[in-house]
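Data file: start.cif. Format and content: mmCIF, C-alpha atoms.
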data_run
loop_
_atom_site.label_atom_id
_atom_site.label_comp_id
_atom_site.auth_asym_id
_atom_site.auth_seq_id
_atom_site.Cartn_x
_atom_site.Cartn_y
_atom_site.Cartn_z
CA MET A 623 -0.71 38.65 -23.34
CA PHE A 624 -1.94 40.61 -20.34
CA ASN A 625 -5.59 39.96 -19.56
CA LYS A 626 -7.27 43.22 -18.49
CA THR A 627 -10.40 41.40 -17.35
CA ALA A 628 -8.53 39.18 -14.84
CA ILE A 629 -9.46 39.73 -11.21
CA ARG A 630 -6.57 41.31 -9.35
CA GLU A 631 -5.63 39.62 -6.10
CA SER A 632 -5.50 41.70 -2.96
CA LYS A 633 -2.40 41.91 -0.76
CA GLY A 634 -4.06 39.64 1.78
CA ASP A 635 -4.71 36.97 -0.88
CA ARG A 636 -1.13 37.15 -2.15
CA LEU A 637 0.21 36.91 1.40
CA PHE A 638 -2.04 33.93 2.08
CA MET A 639 -0.88 32.16 -1.09
CA PHE A 640 2.74 32.91 -0.20
CA LEU A 641 2.27 31.31 3.22
CA ILE A 642 0.65 28.26 1.64
CA TYR A 643 3.52 27.81 -0.82
CA LEU A 644 6.02 28.37 1.97
CA PHE A 645 4.35 25.73 4.15
CA LEU A 646 4.15 23.24 1.28
CA SER A 647 7.80 23.88 0.44
CA LEU A 648 8.83 23.14 4.02
CA VAL A 649 6.76 19.94 4.00
CA LEU A 650 8.35 18.94 0.68
CA ILE A 651 11.83 19.52 2.09
CA ALA A 652 11.02 17.61 5.29
CA VAL A 653 9.82 14.61 3.24
CA ALA A 654 12.29 14.74 0.36
CA VAL A 655 15.56 15.23 2.27
CA PRO A 656 15.40 11.93 4.24
CA LEU A 657 14.42 10.04 1.08
CA ILE A 658 17.26 11.57 -0.91
CA TYR A 659 19.68 10.84 1.93
CA ILE A 660 18.62 7.18 2.04
CA VAL A 661 18.97 6.76 -1.74
CA SER A 662 22.32 8.57 -1.78
CA SER A 663 23.63 6.51 1.15
CA SER A 664 22.63 3.27 -0.58
CA PHE A 665 24.90 4.20 -3.50
CA SER A 666 27.80 5.42 -1.33
CA SER A 667 30.72 3.54 0.14
CA PRO A 668 30.36 2.20 3.72
CA GLN A 669 33.20 4.43 4.89
CA ALA A 670 31.46 7.54 3.56
CA VAL A 671 28.19 6.56 5.26
CA VAL A 672 29.80 5.86 8.63
CA THR A 673 31.89 9.03 8.62
CA GLY A 674 28.87 11.20 7.72
CA LYS A 675 30.21 12.44 4.39
CA VAL A 676 26.94 11.68 2.59
CA TRP A 677 24.47 14.54 2.34
CA LEU A 678 22.36 14.89 -0.82
CA PHE A 679 24.56 13.11 -3.36
CA PRO A 680 26.35 9.73 -3.29
CA VAL A 681 29.99 9.75 -2.17
CA ASP A 682 32.38 7.16 -3.65
CA PHE A 683 29.64 5.67 -5.82
CA THR A 684 29.27 1.91 -5.44
CA LEU A 685 26.65 -0.80 -5.96
CA ASP A 686 28.10 -3.10 -3.30
CA GLY A 687 25.05 -2.67 -1.07
CA TYR A 688 22.64 -3.77 -3.79
CA LYS A 689 24.93 -6.64 -4.79
CA ALA A 690 24.87 -7.85 -1.19
CA VAL A 691 21.08 -7.51 -1.04
CA PHE A 692 20.37 -9.42 -4.25
CA ASN A 693 23.00 -12.07 -3.53
CA ASN A 694 21.41 -12.79 -0.18
CA PRO A 695 19.12 -15.86 -0.52
CA GLN A 696 16.99 -15.02 2.53
CA ILE A 697 16.22 -11.54 1.27
CA GLY A 698 15.32 -12.99 -2.13
CA VAL A 699 12.92 -15.47 -0.49
CA GLY A 700 11.38 -12.65 1.55
CA TYR A 701 10.95 -10.56 -1.59
CA LEU A 702 9.17 -13.39 -3.40
CA ASN A 703 6.98 -14.07 -0.37
CA SER A 704 5.96 -10.41 -0.20
CA LEU A 705 5.13 -10.44 -3.91
CA PHE A 706 2.99 -13.55 -3.43
CA TYR A 707 1.13 -12.10 -0.43
CA THR A 708 0.60 -8.82 -2.25
CA VAL A 709 -0.61 -10.22 -5.58
CA VAL A 710 -2.79 -13.08 -4.29
CA GLY A 711 -4.05 -11.13 -1.28
CA THR A 712 -4.98 -8.09 -3.37
CA ILE A 713 -6.86 -10.20 -5.93
CA ILE A 714 -8.88 -11.83 -3.14
CA ASN A 715 -9.45 -8.48 -1.41
CA VAL A 716 -10.70 -6.67 -4.52
CA THR A 717 -12.89 -9.59 -5.61
CA LEU A 718 -14.60 -9.94 -2.24
CA THR A 719 -15.00 -6.18 -1.85
CA ILE A 720 -16.78 -5.86 -5.21
CA MET A 721 -18.92 -8.93 -4.51
CA LEU A 722 -20.12 -7.34 -1.26
CA ALA A 723 -20.19 -3.65 -2.15
CA TYR A 724 -22.18 -3.90 -5.39
CA PRO A 725 -25.20 -5.75 -3.92
CA LEU A 726 -25.22 -3.35 -0.97
CA ALA A 727 -25.37 -0.45 -3.43
CA LYS A 728 -28.60 -1.79 -4.96
CA LYS A 729 -31.78 -0.35 -3.47
CA THR A 730 -33.63 -3.56 -4.30
CA LEU A 731 -31.52 -5.61 -1.87
CA TYR A 732 -33.72 -6.52 1.08
CA GLY A 733 -32.13 -5.69 4.46
CA ARG A 734 -29.10 -3.88 3.04
CA ASN A 735 -29.18 -1.29 5.86
CA PHE A 736 -29.09 -4.10 8.43
CA PHE A 737 -26.02 -5.63 6.77
CA MET A 738 -24.33 -2.23 6.63
CA VAL A 739 -24.89 -1.77 10.36
CA LEU A 740 -23.29 -5.15 11.00
CA LEU A 741 -20.27 -4.15 8.92
CA VAL A 742 -19.88 -0.80 10.65
CA ILE A 743 -20.03 -2.47 14.09
CA THR A 744 -16.95 -4.50 13.18
CA MET A 745 -15.10 -1.23 12.55
CA MET A 746 -15.90 0.07 16.04
CA PHE A 747 -15.48 -3.07 18.12
CA GLU A 748 -12.71 -5.64 17.80
CA GLY A 749 -12.24 -8.89 19.66
CA GLY A 750 -8.62 -8.14 20.48
CA LEU A 751 -5.35 -9.83 19.70
CA ILE A 752 -5.87 -13.04 21.70
CA PRO A 753 -9.28 -13.96 20.16
CA TYR A 754 -7.83 -13.01 16.78
CA TYR A 755 -4.93 -15.38 17.32
CA LEU A 756 -7.21 -18.18 18.58
CA VAL A 757 -9.47 -17.88 15.53
CA VAL A 758 -6.50 -18.21 13.20
CA LYS A 759 -5.17 -21.12 15.24
CA ASN A 760 -8.50 -23.00 15.27
CA LEU A 761 -8.71 -22.57 11.51
CA HIS A 762 -5.31 -24.30 11.28
CA LEU A 763 -3.79 -21.34 9.50
CA LEU A 764 -0.80 -20.85 11.80
CA ASP A 765 2.53 -20.92 10.03
CA THR A 766 0.90 -21.03 6.60
CA ARG A 767 0.78 -18.49 3.79
CA TRP A 768 -3.00 -18.17 4.20
CA ALA A 769 -2.50 -16.64 7.63
CA MET A 770 -1.20 -13.57 5.83
CA ILE A 771 -4.12 -13.41 3.39
CA LEU A 772 -7.43 -14.77 4.69
CA PRO A 773 -7.81 -13.00 8.10
CA GLY A 774 -7.77 -9.62 6.36
CA ALA A 775 -9.52 -10.70 3.18
CA LEU A 776 -12.15 -7.96 3.43
CA GLY A 777 -11.83 -4.36 4.55
CA VAL A 778 -15.04 -2.67 5.74
CA PHE A 779 -13.73 0.81 4.95
CA GLN A 780 -13.02 -0.21 1.36
CA VAL A 781 -16.49 -1.78 1.11
CA ILE A 782 -18.10 1.50 2.19
CA VAL A 783 -16.07 3.51 -0.31
CA ALA A 784 -16.83 1.07 -3.14
CA ARG A 785 -20.54 0.94 -2.22
CA THR A 786 -20.77 4.74 -2.39
CA PHE A 787 -18.99 4.72 -5.75
CA PHE A 788 -21.42 2.18 -7.20
CA GLN A 789 -24.42 4.11 -5.88
CA THR A 790 -23.33 7.36 -7.49
CA THR A 791 -21.78 6.03 -10.71
CA ILE A 792 -23.96 3.10 -11.80
CA PRO A 793 -27.58 4.33 -12.07
CA ASP A 794 -30.45 1.91 -11.61
CA GLU A 795 -31.85 2.97 -15.00
CA LEU A 796 -28.76 1.50 -16.66
CA ALA A 797 -29.38 -1.88 -15.06
CA GLU A 798 -33.06 -1.74 -16.01
CA ALA A 799 -32.21 -0.94 -19.65
CA ALA A 800 -29.72 -3.79 -19.76
CA GLU A 801 -32.29 -6.14 -18.26
CA LEU A 802 -34.85 -5.15 -20.91
CA ASP A 803 -32.27 -6.03 -23.56
CA GLY A 804 -31.92 -9.50 -22.07
CA CYS A 805 -28.65 -8.94 -20.21
CA SER A 806 -28.15 -11.19 -17.20
CA ASP A 807 -26.86 -9.86 -13.87
CA ILE A 808 -23.49 -11.58 -14.25
CA ARG A 809 -22.98 -10.22 -17.76
CA PHE A 810 -24.08 -6.76 -16.61
CA ILE A 811 -21.41 -6.78 -13.91
CA PHE A 812 -18.59 -7.95 -16.19
CA SER A 813 -19.60 -5.96 -19.31
CA ILE A 814 -20.82 -2.68 -17.79
CA VAL A 815 -20.12 -2.33 -14.07
CA LEU A 816 -16.46 -3.34 -14.00
CA PRO A 817 -15.40 -1.25 -17.06
CA LEU A 818 -17.08 1.79 -15.51
CA SER A 819 -15.47 1.10 -12.13
CA LYS A 820 -11.80 1.35 -13.07
CA PRO A 821 -11.15 4.32 -10.73
CA ILE A 822 -12.49 2.58 -7.62
CA ILE A 823 -10.80 -0.70 -8.57
CA ALA A 824 -7.49 1.17 -8.89
CA VAL A 825 -8.07 2.77 -5.48
CA MET A 826 -8.84 -0.54 -3.79
CA THR A 827 -5.92 -2.25 -5.51
CA LEU A 828 -3.49 0.38 -4.28
CA MET A 829 -4.91 0.38 -0.74
CA TYR A 830 -4.85 -3.38 -0.37
CA ALA A 831 -1.52 -3.85 -2.17
CA VAL A 832 0.31 -1.30 -0.01
CA GLY A 833 -1.19 -2.88 3.10
CA HIS A 834 -0.01 -6.35 2.10
CA TRP A 835 3.42 -5.13 1.05
CA ASN A 836 4.04 -3.32 4.34
CA ALA A 837 2.40 -5.96 6.56
CA TYR A 838 4.67 -7.46 9.17
CA PHE A 839 2.65 -7.73 12.41
CA ASP A 840 0.57 -10.69 11.22
CA ALA A 841 3.74 -12.41 10.07
CA LEU A 842 5.32 -11.68 13.44
CA ILE A 843 2.59 -13.49 15.41
CA PHE A 844 1.42 -16.13 12.92
CA LEU A 845 4.56 -17.26 11.09
CA ARG A 846 7.43 -19.32 12.49
CA SER A 847 9.12 -20.71 9.38
CA PRO A 848 11.77 -18.38 7.93
CA ASP A 849 10.83 -19.60 4.45
CA LEU A 850 7.43 -17.90 4.86
CA PHE A 851 8.69 -14.57 6.19
CA PRO A 852 7.83 -11.51 4.09
CA LEU A 853 10.48 -8.97 3.25
CA GLN A 854 9.32 -6.60 5.98
CA ILE A 855 10.17 -9.10 8.73
CA ILE A 856 13.70 -9.49 7.40
CA LEU A 857 14.00 -5.74 7.04
CA ARG A 858 12.72 -5.29 10.59
CA ASN A 859 15.27 -7.73 11.95
CA ILE A 860 18.07 -5.79 10.34
CA LEU A 861 16.77 -2.31 11.16
CA ILE A 862 15.44 -2.83 14.70
CA LEU A 863 17.35 -5.78 16.01
CA ASN A 864 20.45 -4.51 14.21
CA SER A 865 21.72 -8.00 13.56
CA VAL A 866 22.59 -9.86 10.42
CA ASP A 867 22.82 -13.60 10.37
CA ALA A 868 26.30 -14.67 9.45
CA SER A 869 24.91 -17.36 7.17
CA MET A 870 23.05 -14.65 5.25
CA MET A 871 26.30 -13.01 4.39
CA ALA A 872 28.11 -16.07 3.11
CA ASP A 873 28.10 -14.76 -0.43
CA VAL A 874 29.56 -11.41 0.56
CA SER A 875 32.21 -12.58 3.00
CA GLN A 876 34.69 -10.08 1.63
CA MET A 877 32.41 -7.24 2.61
CA GLN A 878 32.07 -8.37 6.22
CA ALA A 879 35.35 -6.75 7.11
CA GLN A 880 34.29 -3.38 5.80
CA GLN A 881 33.14 -0.91 8.34
CA GLY A 882 29.57 0.30 7.89
CA LEU A 883 28.36 -2.73 5.93
CA LYS A 884 25.22 -3.02 8.06
CA ASP A 885 24.28 0.60 7.45
CA LEU A 886 24.83 0.17 3.73
CA LEU A 887 22.59 -2.90 3.75
CA LYS A 888 19.90 -1.02 5.67
CA TYR A 889 19.72 1.81 3.17
CA SER A 890 19.84 -0.54 0.20
CA LEU A 891 17.07 -2.69 1.70
CA ILE A 892 14.85 0.33 2.34
CA VAL A 893 15.17 1.38 -1.29
CA VAL A 894 14.56 -2.14 -2.60
CA ALA A 895 11.56 -2.65 -0.29
CA SER A 896 9.98 0.68 -1.29
CA LEU A 897 10.60 0.36 -5.01
CA PRO A 898 7.46 -1.65 -6.04
CA VAL A 899 5.08 0.83 -4.39
CA LEU A 900 6.92 3.78 -5.91
CA ILE A 901 6.66 2.16 -9.36
CA ILE A 902 2.95 1.31 -9.09
CA TYR A 903 1.70 4.58 -7.61
CA PRO A 904 2.27 6.89 -10.65
CA PHE A 905 0.18 4.57 -12.85
CA VAL A 906 -2.84 4.58 -10.52
CA GLN A 907 -2.48 8.11 -9.13
CA LYS A 908 -5.01 9.70 -11.52
CA HIS A 909 -7.55 6.96 -10.79
CA PHE A 910 -6.75 7.16 -7.08
CA VAL A 911 -7.75 10.82 -6.74
CA LYS A 912 -10.93 10.41 -8.82
CA GLY A 913 -11.99 7.17 -7.13
CA VAL A 914 -11.46 8.39 -3.59
CA MET A 915 -13.25 11.68 -4.20
CA ILE A 916 -16.30 10.04 -5.79
CA GLY A 917 -16.37 7.13 -3.37
CA SER A 918 -15.99 9.13 -0.18
CA LEU A 919 -17.73 12.47 -0.75
CA LYS A 920 -20.80 11.81 -2.85
CA GLY A 921 -23.90 9.97 -1.81
#

Could the structure of this file be written out as structure tokens, please?
Amino acid sequence: MFNKTAIRESKGDRLFMFLIYLFLSLVLIAVAVPLIYIVSSSFSSPQAVVTGKVWLFPVDFTLDGYKAVFNNPQIGVGYLNSLFYTVVGTIINVTLTIMLAYPLAKKTLYGRNFFMVLLVITMMFEGGLIPYYLVVKNLHLLDTRWAMILPGALGVFQVIVARTFFQTTIPDELAEAAELDGCSDIRFIFSIVLPLSKPIIAVMTLMYAVGHWNAYFDALIFLRSPDLFPLQIILRNILILNSVDASMMADVSQMQAQQGLKDLLKYSLIVVASLPVLIIYPFVQKHFVKGVMIGSLKG
């Protein structure tokens, strides 16, 4: 039903909204078309990919690329390694971030401003790659799984966001009331703070998990054993170096003769490597927006 009391937009406002929608539509097309092309190519035949017949929909539908990916033992090992680094690394990251951010959010903590200054300094000044490498080497972490987890176990930016969230969401009066009822600090954290902090925990989990899943530079300089390589290193070797080890393709020897097999593997690998993040993001998206807004703007 037509609302007579609604404020009528001027021509300038309608033109402005039209330009916004036009700009967002162009951005959507620029982002969506390459993604659709990659997914369509991964389901198309190698001949169709090489000859440029693929546009927005698969041509000569086939799952040969995915069969080759999942039958490849090295890619499977890389996938499991990435899952390990992501799960274990994210648990350590989130735990340490909460352990540091919550005390810093308490006004009763003596010297909390001094500790915050120390943390911020580490964001502005870095020792560089060589000291970073020497520290990892002297800790005997080279060519171990911990080299992918411990050096980046704590992110200062995430600590600042979480600290702001705790300051604005968990009032001191709540802690005082809990203390009067005989609640210990540990129980207060597990029973009250953590249940009220689901948005910021979801934000930190997504930030850290995506970082671990996409990490390849640390693996490039710290890892030597192929058994420890994450999926991104294997994907990089195929995409950038444009080479596939013949031993990797032993299970798909019949496909070696087909033209365009490498391109098919590239597109299939990109889809497989991006799939976990695409699955997780919709579940934490609502918490992500709320947590980031509260943690970054208030306070």

Atomic distance atom CA of A:Pro852 - atom CA of A:Gly774, expressed in Å with one decimal: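 Taking atom CA of A:Pro852 as the start and atom CA of A:Gly774 as the end point, the length is 15.9 Å.
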
Option closest in space to A:Phe683, from A:Gln669, A:Gln696, A:Ser847, A:Thr827 [counting only C-alpha atoms]: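 Between A:Gln669, A:Gln696, A:Ser847, A:Thr827, the residue approaching A:Phe683 most closely is A:Gln669.
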
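Atom CA of A:Ala723 to atom CA of A:Gly804 spans 23.8 Å [interatomic distance, one decimal].
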
Matched chain/residue IDs from the PyMOL selection byres ((chain A and resi 660) around 12), as a PyMOL selection string: chain A and resi 653-659+661-666+671+676-680+885-894+896

Give me a file of those residues, with C-alpha atoms, as a CSV table (one decimal), in the frame of the given file.
chain,number,residue,atom,x,y,z
A,653,VAL,CA,9.8,14.6,3.2
A,654,ALA,CA,12.3,14.7,0.4
A,655,VAL,CA,15.6,15.2,2.3
A,656,PRO,CA,15.4,11.9,4.2
A,657,LEU,CA,14.4,10.0,1.1
A,658,ILE,CA,17.3,11.6,-0.9
A,659,TYR,CA,19.7,10.8,1.9
A,661,VAL,CA,19.0,6.8,-1.7
A,662,SER,CA,22.3,8.6,-1.8
A,663,SER,CA,23.6,6.5,1.2
A,664,SER,CA,22.6,3.3,-0.6
A,665,PHE,CA,24.9,4.2,-3.5
A,666,SER,CA,27.8,5.4,-1.3
A,671,VAL,CA,28.2,6.6,5.3
A,676,VAL,CA,26.9,11.7,2.6
A,677,TRP,CA,24.5,14.5,2.3
A,678,LEU,CA,22.4,14.9,-0.8
A,679,PHE,CA,24.6,13.1,-3.4
A,680,PRO,CA,26.4,9.7,-3.3
A,885,ASP,CA,24.3,0.6,7.4
A,886,LEU,CA,24.8,0.2,3.7
A,887,LEU,CA,22.6,-2.9,3.8
A,888,LYS,CA,19.9,-1.0,5.7
A,889,TYR,CA,19.7,1.8,3.2
A,890,SER,CA,19.8,-0.5,0.2
A,891,LEU,CA,17.1,-2.7,1.7
A,892,ILE,CA,14.8,0.3,2.3
A,893,VAL,CA,15.2,1.4,-1.3
A,894,VAL,CA,14.6,-2.1,-2.6
A,896,SER,CA,10.0,0.7,-1.3

Atomic separation - atom CA of A:Thr786 relative to atom CA of A:Met738, Å: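 Computing the Euclidean distance for atom CA of A:Met738 and atom CA of A:Thr786 yields 11.9 Å.
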
Protein/DNA/RNA residues near (-3.6, -12.5, -3.8), cut 12 Å, all atoms listed in the file, as a VMD selection string: chain A and resid 703 to 718 767 to 768 770 to 772 774 to 775 827 830 to 831 834 to 835

Distance criterion (all atoms listed in the file): nearest to A:Ile855 out of A:Met746, A:Ala690, A:Ile843, A:Leu756: A:Ile843

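Distances to A:Leu763 were evaluated for A:Tyr903, A:Phe851, A:Phe640, A:Phe844 using only C-alpha atoms, and the minimum falls at A:Phe844.
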
Among listed residues A:Met829, A:Leu637, A:Ala800, A:Val906, nearest A:Ser813 (using all atoms listed in the file):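 Of A:Met829, A:Leu637, A:Ala800, A:Val906, the one nearest A:Ser813, counting all atoms listed in the file, is A:Ala800.
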